[in-house]
file data-v4.pdb (PDB, C-alpha atoms)
ATOM      1  CA  MET A   1      47.735   4.765   7.335
ATOM      2  CA  CYS A   2      47.048   1.420   5.675
ATOM      3  CA  ALA A   3      43.565   0.321   4.707
ATOM      4  CA  HIS A   4      41.443  -2.733   5.405
ATOM      5  CA  VAL A   5      40.324  -4.246   2.081
ATOM      6  CA  VAL A   6      37.911  -7.094   1.365
ATOM      7  CA  VAL A   7      38.444  -8.924  -1.944
ATOM      8  CA  ALA A   8      35.432 -10.988  -3.068
ATOM      9  CA  GLU A   9      36.562 -13.086  -6.025
ATOM     10  CA  ASP A  10      35.637 -16.711  -6.814
ATOM     11  CA  ASP A  11      38.745 -17.344  -8.946
ATOM     12  CA  ALA A  12      41.392 -18.362  -6.370
ATOM     13  CA  LYS A  13      44.370 -17.411  -8.576
ATOM     14  CA  GLN A  14      42.884 -14.025  -9.427
ATOM     15  CA  ALA A  15      42.057 -13.364  -5.786
ATOM     16  CA  ASP A  16      45.578 -14.296  -4.681
ATOM     17  CA  LEU A  17      47.098 -11.954  -7.277
ATOM     18  CA  VAL A  18      44.969  -9.036  -6.076
ATOM     19  CA  ARG A  19      45.726  -9.876  -2.431
ATOM     20  CA  ARG A  20      49.499  -9.926  -3.009
ATOM     21  CA  TYR A  21      49.500  -6.531  -4.737
ATOM     22  CA  LEU A  22      47.403  -4.969  -1.973
ATOM     23  CA  GLU A  23      49.545  -6.455   0.781
ATOM     24  CA  HIS A  24      52.672  -5.220  -1.008
ATOM     25  CA  GLU A  25      51.371  -1.682  -0.445
ATOM     26  CA  GLY A  26      50.835  -2.441   3.227
ATOM     27  CA  HIS A  27      47.075  -3.032   3.271
ATOM     28  CA  ASP A  28      45.277  -5.556   5.451
ATOM     29  CA  VAL A  29      43.395  -7.913   3.104
ATOM     30  CA  VAL A  30      40.637 -10.471   3.632
ATOM     31  CA  VAL A  31      39.724 -12.719   0.683
ATOM     32  CA  VAL A  32      36.347 -14.453   0.270
ATOM     33  CA  HIS A  33      35.082 -16.492  -2.664
ATOM     34  CA  ASP A  34      31.278 -16.157  -2.717
ATOM     35  CA  GLY A  35      28.531 -13.619  -2.088
ATOM     36  CA  PRO A  36      27.268 -14.841   1.320
ATOM     37  CA  SER A  37      30.816 -14.964   2.719
ATOM     38  CA  ALA A  38      31.393 -11.423   1.445
ATOM     39  CA  LEU A  39      28.330 -10.109   3.277
ATOM     40  CA  VAL A  40      29.309 -11.891   6.505
ATOM     41  CA  GLU A  41      32.800 -10.378   6.391
ATOM     42  CA  LEU A  42      31.562  -6.886   5.490
ATOM     43  CA  ARG A  43      29.142  -6.866   8.409
ATOM     44  CA  ARG A  44      31.683  -8.342  10.811
ATOM     45  CA  ARG A  45      34.288  -5.672  10.098
ATOM     46  CA  PRO A  46      33.342  -2.972   7.573
ATOM     47  CA  PRO A  47      36.384  -2.348   5.350
ATOM     48  CA  ASP A  48      37.753   0.791   3.745
ATOM     49  CA  LEU A  49      37.379  -0.727   0.256
ATOM     50  CA  LEU A  50      35.508  -3.645  -1.320
ATOM     51  CA  ILE A  51      36.904  -5.194  -4.524
ATOM     52  CA  LEU A  52      33.995  -7.208  -5.835
ATOM     53  CA  ASP A  53      33.806  -9.758  -8.660
ATOM     54  CA  VAL A  54      30.491  -9.754 -10.510
ATOM     55  CA  MET A  55      30.294 -13.495 -11.255
ATOM     56  CA  MET A  56      30.283 -15.237  -7.858
ATOM     57  CA  PRO A  57      28.343 -18.276  -6.613
ATOM     58  CA  TYR A  58      25.171 -18.178  -4.498
ATOM     59  CA  ILE A  59      24.864 -14.363  -4.494
ATOM     60  CA  ASP A  60      26.520 -12.529  -7.381
ATOM     61  CA  GLY A  61      28.445  -9.290  -7.111
ATOM     62  CA  LEU A  62      25.586  -7.149  -8.407
ATOM     63  CA  ASP A  63      23.284  -8.368  -5.634
ATOM     64  CA  VAL A  64      26.046  -7.947  -3.043
ATOM     65  CA  CYS A  65      26.470  -4.346  -4.182
ATOM     66  CA  ARG A  66      22.704  -3.772  -4.013
ATOM     67  CA  ILE A  67      22.575  -5.136  -0.447
ATOM     68  CA  VAL A  68      25.617  -3.102   0.632
ATOM     69  CA  ARG A  69      24.047   0.144  -0.548
ATOM     70  CA  ALA A  70      20.846  -0.629   1.364
ATOM     71  CA  GLU A  71      22.613  -1.064   4.715
ATOM     72  CA  ALA A  72      23.346   2.092   6.702
ATOM     73  CA  ASP A  73      26.707   0.884   8.066
ATOM     74  CA  LEU A  74      27.961   0.010   4.570
ATOM     75  CA  ALA A  75      26.199   2.527   2.328
ATOM     76  CA  ALA A  76      29.264   4.777   1.890
ATOM     77  CA  LEU A  77      31.719   1.911   1.370
ATOM     78  CA  PRO A  78      33.845   2.385  -1.792
ATOM     79  CA  VAL A  79      33.170  -0.502  -4.184
ATOM     80  CA  MET A  80      35.249  -1.498  -7.211
ATOM     81  CA  MET A  81      33.655  -4.156  -9.404
ATOM     82  CA  LEU A  82      35.704  -6.668 -11.408
ATOM     83  CA  THR A  83      34.072  -8.392 -14.341
ATOM     84  CA  ALA A  84      34.647 -10.181 -17.614
ATOM     85  CA  ARG A  85      31.645  -8.265 -18.968
ATOM     86  CA  SER A  86      32.737  -5.053 -20.647
ATOM     87  CA  THR A  87      29.719  -3.620 -22.474
ATOM     88  CA  GLU A  88      28.459  -0.157 -21.645
ATOM     89  CA  ASP A  89      25.152  -1.596 -20.395
ATOM     90  CA  ASP A  90      27.029  -3.777 -17.894
ATOM     91  CA  LEU A  91      29.025  -0.776 -16.745
ATOM     92  CA  LEU A  92      25.949   1.375 -16.258
ATOM     93  CA  LEU A  93      24.106  -1.404 -14.420
ATOM     94  CA  GLY A  94      26.972  -1.684 -11.947
ATOM     95  CA  LEU A  95      27.101   2.063 -11.442
ATOM     96  CA  ASP A  96      23.326   2.261 -11.089
ATOM     97  CA  LEU A  97      23.525  -0.263  -8.257
ATOM     98  CA  GLY A  98      26.098   1.913  -6.496
ATOM     99  CA  ALA A  99      29.536   0.747  -7.663
ATOM    100  CA  ASP A 100      32.181   3.491  -7.687
ATOM    101  CA  ASP A 101      34.502   1.983 -10.272
ATOM    102  CA  TYR A 102      34.351  -0.842 -12.787
ATOM    103  CA  LEU A 103      37.401  -2.728 -14.074
ATOM    104  CA  SER A 104      37.118  -5.235 -16.927
ATOM    105  CA  LYS A 105      39.106  -8.477 -17.019
ATOM    106  CA  PRO A 106      41.822  -9.056 -17.968
ATOM    107  CA  PHE A 107      43.276  -6.011 -16.248
ATOM    108  CA  SER A 108      46.697  -4.677 -15.382
ATOM    109  CA  PRO A 109      47.536  -5.097 -11.667
ATOM    110  CA  ARG A 110      49.138  -1.637 -11.781
ATOM    111  CA  GLU A 111      45.885  -0.133 -13.056
ATOM    112  CA  LEU A 112      43.965  -1.992 -10.345
ATOM    113  CA  MET A 113      46.223  -0.543  -7.656
ATOM    114  CA  ALA A 114      46.014   2.977  -9.093
ATOM    115  CA  ARG A 115      42.225   2.805  -8.987
ATOM    116  CA  ALA A 116      42.270   1.326  -5.477
ATOM    117  CA  ARG A 117      44.443   4.207  -4.259
ATOM    118  CA  SER A 118      42.068   6.688  -5.877
ATOM    119  CA  LEU A 119      39.006   5.150  -4.204
ATOM    120  CA  LEU A 120      40.740   5.057  -0.833
ATOM    121  CA  ARG A 121      41.607   8.742  -1.138
ATOM    122  CA  ARG A 122      38.009   9.637  -2.037
ATOM    123  CA  GLY A 123      36.753   7.514   0.841
ATOM    124  CA  GLY A 124      38.975   9.325   3.324
ATOM    125  CA  ARG A 125      41.772   6.719   3.527
ATOM    126  CA  THR A 126      45.093   7.565   1.932
ATOM    127  CA  GLY A 127      46.690   4.122   1.932
ATOM    128  CA  GLY A 128      50.375   3.372   1.459
ATOM    129  CA  GLY A 129      51.465   5.344   4.536
ATOM    130  CA  MET A 130      50.617   8.731   3.048
ATOM    131  CA  ALA A 131      49.437  11.516   5.342
ATOM    132  CA  ALA A 132      45.836  12.551   4.930
ATOM    133  CA  ALA A 133      45.195  15.982   3.475
ATOM    134  CA  ALA A 134      43.463  18.660   5.506
ATOM    135  CA  PRO A 135      39.693  18.456   5.057
ATOM    136  CA  ASP A 136      37.992  20.904   2.755
ATOM    137  CA  PRO A 137      35.495  23.401   4.179
ATOM    138  CA  VAL A 138      31.828  22.503   4.563
ATOM    139  CA  LEU A 139      29.850  23.326   1.406
ATOM    140  CA  ARG A 140      26.236  24.514   1.445
ATOM    141  CA  SER A 141      23.686  24.997  -1.301
ATOM    142  CA  GLY A 142      20.125  25.705  -0.219
ATOM    143  CA  PRO A 143      18.960  22.808   2.014
ATOM    144  CA  LEU A 144      21.977  20.725   0.976
ATOM    145  CA  THR A 145      25.148  20.460   3.080
ATOM    146  CA  VAL A 146      28.272  18.611   1.928
ATOM    147  CA  ASN A 147      30.932  17.996   4.586
ATOM    148  CA  PRO A 148      34.121  16.653   2.914
ATOM    149  CA  GLY A 149      35.985  16.231   6.202
ATOM    150  CA  ARG A 150      33.316  13.947   7.655
ATOM    151  CA  HIS A 151      32.197  12.584   4.263
ATOM    152  CA  GLU A 152      28.586  13.458   5.072
ATOM    153  CA  VAL A 153      25.699  14.845   3.047
ATOM    154  CA  TRP A 154      22.567  16.337   4.596
ATOM    155  CA  ALA A 155      19.452  17.385   2.683
ATOM    156  CA  HIS A 156      16.202  18.763   4.109
ATOM    157  CA  GLY A 157      17.363  17.992   7.640
ATOM    158  CA  ARG A 158      18.236  14.323   7.091
ATOM    159  CA  ARG A 159      21.502  12.574   6.422
ATOM    160  CA  ILE A 160      21.903  11.141   2.931
ATOM    161  CA  HIS A 161      24.009   8.046   2.298
ATOM    162  CA  CYS A 162      26.084   8.526  -0.865
ATOM    163  CA  THR A 163      28.608   6.365  -2.646
ATOM    164  CA  PRO A 164      32.072   7.962  -2.997
ATOM    165  CA  GLY A 165      31.324   8.699  -6.655
ATOM    166  CA  GLU A 166      28.027  10.387  -5.808
ATOM    167  CA  PHE A 167      29.680  12.277  -2.971
ATOM    168  CA  ARG A 168      32.452  13.574  -5.210
ATOM    169  CA  LEU A 169      29.915  14.704  -7.818
ATOM    170  CA  LEU A 170      27.968  16.658  -5.206
ATOM    171  CA  GLU A 171      31.197  18.085  -3.831
ATOM    172  CA  VAL A 172      32.164  19.363  -7.276
ATOM    173  CA  LEU A 173      28.767  20.954  -7.958
ATOM    174  CA  ALA A 174      28.385  22.389  -4.427
ATOM    175  CA  SER A 175      31.811  24.022  -4.633
ATOM    176  CA  ARG A 176      30.363  26.478  -7.173
ATOM    177  CA  PRO A 177      26.559  26.691  -6.829
ATOM    178  CA  GLY A 178      24.915  27.951  -9.980
ATOM    179  CA  GLN A 179      27.877  27.157 -12.221
ATOM    180  CA  VAL A 180      27.244  24.701 -15.041
ATOM    181  CA  PHE A 181      29.695  21.802 -15.282
ATOM    182  CA  THR A 182      29.906  19.807 -18.489
ATOM    183  CA  ARG A 183      29.907  16.029 -18.317
ATOM    184  CA  ALA A 184      33.549  16.041 -19.405
ATOM    185  CA  GLN A 185      34.486  18.401 -16.559
ATOM    186  CA  ILE A 186      32.634  16.247 -14.036
ATOM    187  CA  LEU A 187      34.201  13.039 -15.352
ATOM    188  CA  GLU A 188      37.652  14.562 -15.069
ATOM    189  CA  ARG A 189      37.022  15.338 -11.405
ATOM    190  CA  LEU A 190      35.417  11.961 -10.733
ATOM    191  CA  HIS A 191      37.735   9.592 -12.548
ATOM    192  CA  GLY A 192      40.325  11.406 -14.595
ATOM    193  CA  ILE A 193      41.208   9.912 -17.974
ATOM    194  CA  ASP A 194      39.588   6.479 -17.966
ATOM    195  CA  ARG A 195      38.870   4.360 -21.018
ATOM    196  CA  TYR A 196      36.123   2.410 -19.229
ATOM    197  CA  ILE A 197      34.077   5.428 -18.129
ATOM    198  CA  THR A 198      31.693   7.305 -20.418
ATOM    199  CA  ALA A 199      29.648  10.479 -20.138
ATOM    200  CA  ARG A 200      26.601   8.344 -19.350
ATOM    201  CA  THR A 201      28.282   7.522 -16.033
ATOM    202  CA  VAL A 202      27.583  11.080 -14.931
ATOM    203  CA  ASP A 203      23.927  10.745 -15.938
ATOM    204  CA  VAL A 204      23.578   7.606 -13.805
ATOM    205  CA  HIS A 205      25.104   9.338 -10.769
ATOM    206  CA  VAL A 206      22.802  12.323 -11.251
ATOM    207  CA  MET A 207      19.743  10.078 -11.529
ATOM    208  CA  ASN A 208      20.695   8.278  -8.306
ATOM    209  CA  LEU A 209      21.420  11.525  -6.479
ATOM    210  CA  ARG A 210      18.076  13.035  -7.455
ATOM    211  CA  LYS A 211      16.359  10.064  -5.812
ATOM    212  CA  LYS A 212      18.211  10.938  -2.622
ATOM    213  CA  ILE A 213      18.215  14.739  -2.421
ATOM    214  CA  GLU A 214      15.164  15.886  -4.378
ATOM    215  CA  GLU A 215      11.685  15.913  -2.866
ATOM    216  CA  ASP A 216      10.356  14.915  -6.303
ATOM    217  CA  PRO A 217      13.152  13.255  -8.340
ATOM    218  CA  ARG A 218      11.130  13.469 -11.570
ATOM    219  CA  ASN A 219      10.779  17.233 -11.163
ATOM    220  CA  ALA A 220      14.255  18.245  -9.978
ATOM    221  CA  ARG A 221      14.464  21.637  -8.297
ATOM    222  CA  ARG A 222      18.078  21.619  -7.062
ATOM    223  CA  LEU A 223      20.231  19.347  -9.218
ATOM    224  CA  LEU A 224      19.377  20.658 -12.653
ATOM    225  CA  THR A 225      20.119  19.704 -16.233
ATOM    226  CA  VAL A 226      21.236  22.498 -18.546
ATOM    227  CA  TYR A 227      20.193  21.235 -21.968
ATOM    228  CA  GLY A 228      23.115  20.588 -24.285
ATOM    229  CA  VAL A 229      25.702  21.589 -21.666
ATOM    230  CA  GLY A 230      25.695  19.641 -18.396
ATOM    231  CA  TYR A 231      24.529  19.979 -14.799
ATOM    232  CA  LYS A 232      24.421  22.529 -12.013
ATOM    233  CA  LEU A 233      23.386  22.756  -8.367
ATOM    234  CA  VAL A 234      21.306  25.798  -7.412
ATOM    235  CA  ASP A 235      20.767  27.567  -4.085
ATOM    236  CA  GLU A 236      17.274  28.785  -4.902
ATOM    237  CA  GLU A 237      14.503  26.724  -6.442
ATOM    238  CA  PRO A 238      13.416  27.840  -9.930
ATOM    239  CA  PRO A 239       9.918  29.345 -10.250
ATOM    240  CA  ALA A 240       7.100  26.850  -9.808
ATOM    241  CA  ASP A 241       5.959  27.402 -13.391
ATOM    242  CA  GLY A 242       9.441  26.661 -14.743
ATOM    243  CA  GLU A 243       8.423  23.069 -15.537
ATOM    244  CA  GLY A 244      11.963  21.646 -15.213
ATOM    245  CA  ASP A 245      15.545  22.656 -15.789
ATOM    246  CA  GLU A 246      15.605  24.077 -19.283
ATOM    247  CA  PRO A 247      14.129  27.185 -20.905
ATOM    248  CA  ALA A 248      10.861  26.451 -22.671
ATOM    249  CA  ASP A 249      12.409  27.145 -26.064
ATOM    250  CA  ASP A 250      15.151  24.599 -25.410
ATOM    251  CA  ARG A 251      12.634  21.950 -24.372
ATOM    252  CA  ARG A 252      10.532  22.620 -27.460
ATOM    253  CA  ASP A 253      13.615  22.387 -29.682
ATOM    254  CA  ALA A 254      14.656  19.151 -27.957
ATOM    255  CA  ARG A 255      11.286  17.583 -28.723
ATOM    256  CA  ARG A 256      11.739  18.544 -32.378
ATOM    257  CA  GLY A 257      15.160  16.865 -32.364
ATOM    258  CA  LEU A 258      17.083  20.139 -32.821
TER     259      LEU A 258
END

call {"tool": "encode", "arguments": {"input": "data-v4.pdb", "output": "structure tokens"}}
result
Amino acid sequence: MCAHVVVAEDDAKQADLVRRYLEHEGHDVVVVHDGPSALVELRRRPPDLLILDVMMPYIDGLDVCRIVRAEADLAALPVMMLTARSTEDDLLLGLDLGADDYLSKPFSPRELMARARSLLRRGGRTGGGMAAAAPDPVLRSGPLTVNPGRHEVWAHGRRIHCTPGEFRLLEVLASRPGQVFTRAQILERLHGIDRYITARTVDVHVMNLRKKIEEDPRNARRLLTVYGVGYKLVDEEPPADGEGDEPADDRRDARRGL
């Protein structure tokens, strides 16, 4: 099954290059050149993937991404950002706003297509005529339910809108409740080997997820940090006097800089 892709890129030559590569793989592509046009097209016909340039006129890509994540019909849309900015702060800002991948210019068209295929698979679209894999079983951890087949997350009786990256992170942690995953292990499952992604990417996803699934994001009771190791998802809340995710000795040592 081929995918419907919106490319929002103000550079006409760059946009045409991306369009031709996507169409070569059989995808239906719509190209727009500014932020307002992107939003009109996304609302008119929500795509399977948005490839979004950061530097666009009228409304830039960062604001488009922020608006997309705030709209229920678009909140789970996979978003790949393209930008000439390549610092880690730029990367983390894009991810914090809900982008799922971040590709710096100039980029290889082959790398762009590999990442597009990966995002389409995570979003439930295989692309390129490939048959979709059988859905994984529903995963449950305490009040949290992760349904890979329907790409849905429920917490405390309400549906949670997650980006594909956030969804995949929850899927990994919910597959083995109580097990600690290192940042490297999580990154491998999220993105594979990727020179643009750092361990801080995982921290940004965790921070965003806590805002969505925790009753008090600043005092996480489900998605916990294991000091010096990584993260885990727990079925049962820790004792009320636990004061966070780490043993008291670890927290005291952390404050001392040990």

call {"tool": "closest_residue", "arguments": {"input": "data-v4.pdb", "among": "A:Glu71, A:His4, A:Gly157, A:Val40", "to": "Gly26 of chain A", "atoms": "all atoms listed in the file"}}
result
A:His4

call {"tool": "resolve_selection", "arguments": {"input": "data-v4.pdb", "expression": "the PyMOL selection byres ((chain A and resi 97) around 8)", "output": "list of chain:residue names"}}
result
A:Leu62, A:Cys65, A:Arg66, A:Arg69, A:Leu93, A:Gly94, A:Leu95, A:Asp96, A:Gly98, A:Ala99

call {"tool": "closest_residue", "arguments": {"input": "data-v4.pdb", "among": "A:Asn147, A:Ser104, A:Asn208, A:Thr201", "to": "Ile186 of chain A", "atoms": "only C-alpha atoms"}}
result
A:Thr201

call {"tool": "residues_near_point", "arguments": {"input": "data-v4.pdb", "point": "(37.5, -1.3, 5.0)", "cutoff": "9 Å", "atoms": "all atoms listed in the file", "output": "count of residues only"}}
result
14

call {"tool": "atom_distance", "arguments": {"input": "data-v4.pdb", "atom1": "atom CA of Asp216 of chain A", "atom2": "atom CA of Ala184 of chain A"}}
result
26.7 Å

call {"tool": "atom_distance", "arguments": {"input": "data-v4.pdb", "atom1": "atom CA of Ala8 of chain A", "atom2": "atom CA of Glu23 of chain A"}}
result
15.3 Å

call {"tool": "resolve_selection", "arguments": {"input": "data-v4.pdb", "expression": "the PyMOL selection byres ((chain A and resi 83) around 6)", "output": "ChimeraX atom specification"}}
result
/A:53-54,82,84-85,104-105

call {"tool": "closest_residue", "arguments": {"input": "data-v4.pdb", "among": "A:Lys232, A:Arg168, A:Arg159, A:His33", "to": "Glu9 of chain A", "atoms": "only C-alpha atoms"}}
result
A:His33

call {"tool": "resolve_selection", "arguments": {"input": "data-v4.pdb", "expression": "the PyMOL selection byres ((chain A and resi 141) around 10)", "output": "list in words"}}
result
Leu139, Arg140, Gly142, Pro143, Leu144, Thr145, Val146, Ala155, Leu173, Ala174, Ser175, Arg176, Pro177, Gly178, Arg222, Leu233, Val234, Asp235 and Glu236 of chain A

call {"tool": "atom_distance", "arguments": {"input": "data-v4.pdb", "atom1": "atom CA of Gly230 of chain A", "atom2": "atom CA of Val202 of chain A"}}
result
9.4 Å

call {"tool": "closest_residue", "arguments": {"input": "data-v4.pdb", "among": "A:Gln14, A:Thr182, A:Asn219, A:Ser37", "to": "Pro57 of chain A", "atoms": "all atoms listed in the file"}}
result
A:Ser37

call {"tool": "residues_around", "arguments": {"input": "data-v4.pdb", "residues": "Ile59 of chain A", "least_positions_apart": "2", "cutoff": "7 Å", "atoms": "all atoms listed in the file", "output": "PyMOL selection string"}}
result
chain A and resi 34-36+56-57+61+63-64

call {"tool": "write_last_selection", "arguments": {"input": "data-v4.pdb", "atoms": "C-alpha atoms", "output": "PDB file, in the frame of the given file"}}
result
ATOM      1  CA  ASP A  34      31.278 -16.157  -2.717  1.00  0.00           C
ATOM      2  CA  GLY A  35      28.531 -13.619  -2.088  1.00  0.00           C
ATOM      3  CA  PRO A  36      27.268 -14.841   1.320  1.00  0.00           C
ATOM      4  CA  MET A  56      30.283 -15.237  -7.858  1.00  0.00           C
ATOM      5  CA  PRO A  57      28.343 -18.276  -6.613  1.00  0.00           C
ATOM      6  CA  GLY A  61      28.445  -9.290  -7.111  1.00  0.00           C
ATOM      7  CA  ASP A  63      23.284  -8.368  -5.634  1.00  0.00           C
ATOM      8  CA  VAL A  64      26.046  -7.947  -3.043  1.00  0.00           C
TER       9      VAL A  64
END

call {"tool": "closest_residue", "arguments": {"input": "data-v4.pdb", "among": "A:Arg150, A:Arg200, A:Lys212, A:Arg115", "to": "Val79 of chain A", "atoms": "only C-alpha atoms"}}
result
A:Arg115

call {"tool": "closest_residue", "arguments": {"input": "data-v4.pdb", "among": "A:Pro217, A:Val229, A:Phe167, A:Gly149", "to": "Gln185 of chain A", "atoms": "all atoms listed in the file"}}
result
A:Val229

call {"tool": "axis_aligned_box", "arguments": {"input": "data-v4.pdb", "around": "segment 100-109 of chain A", "padding_each_side": "8 Å", "output": "lines of an AutoDock Vina configuration file"}}
result
center_x = 39.9
center_y = -2.8
center_z = -12.8
size_x = 31.4
size_y = 28.5
size_z = 26.3
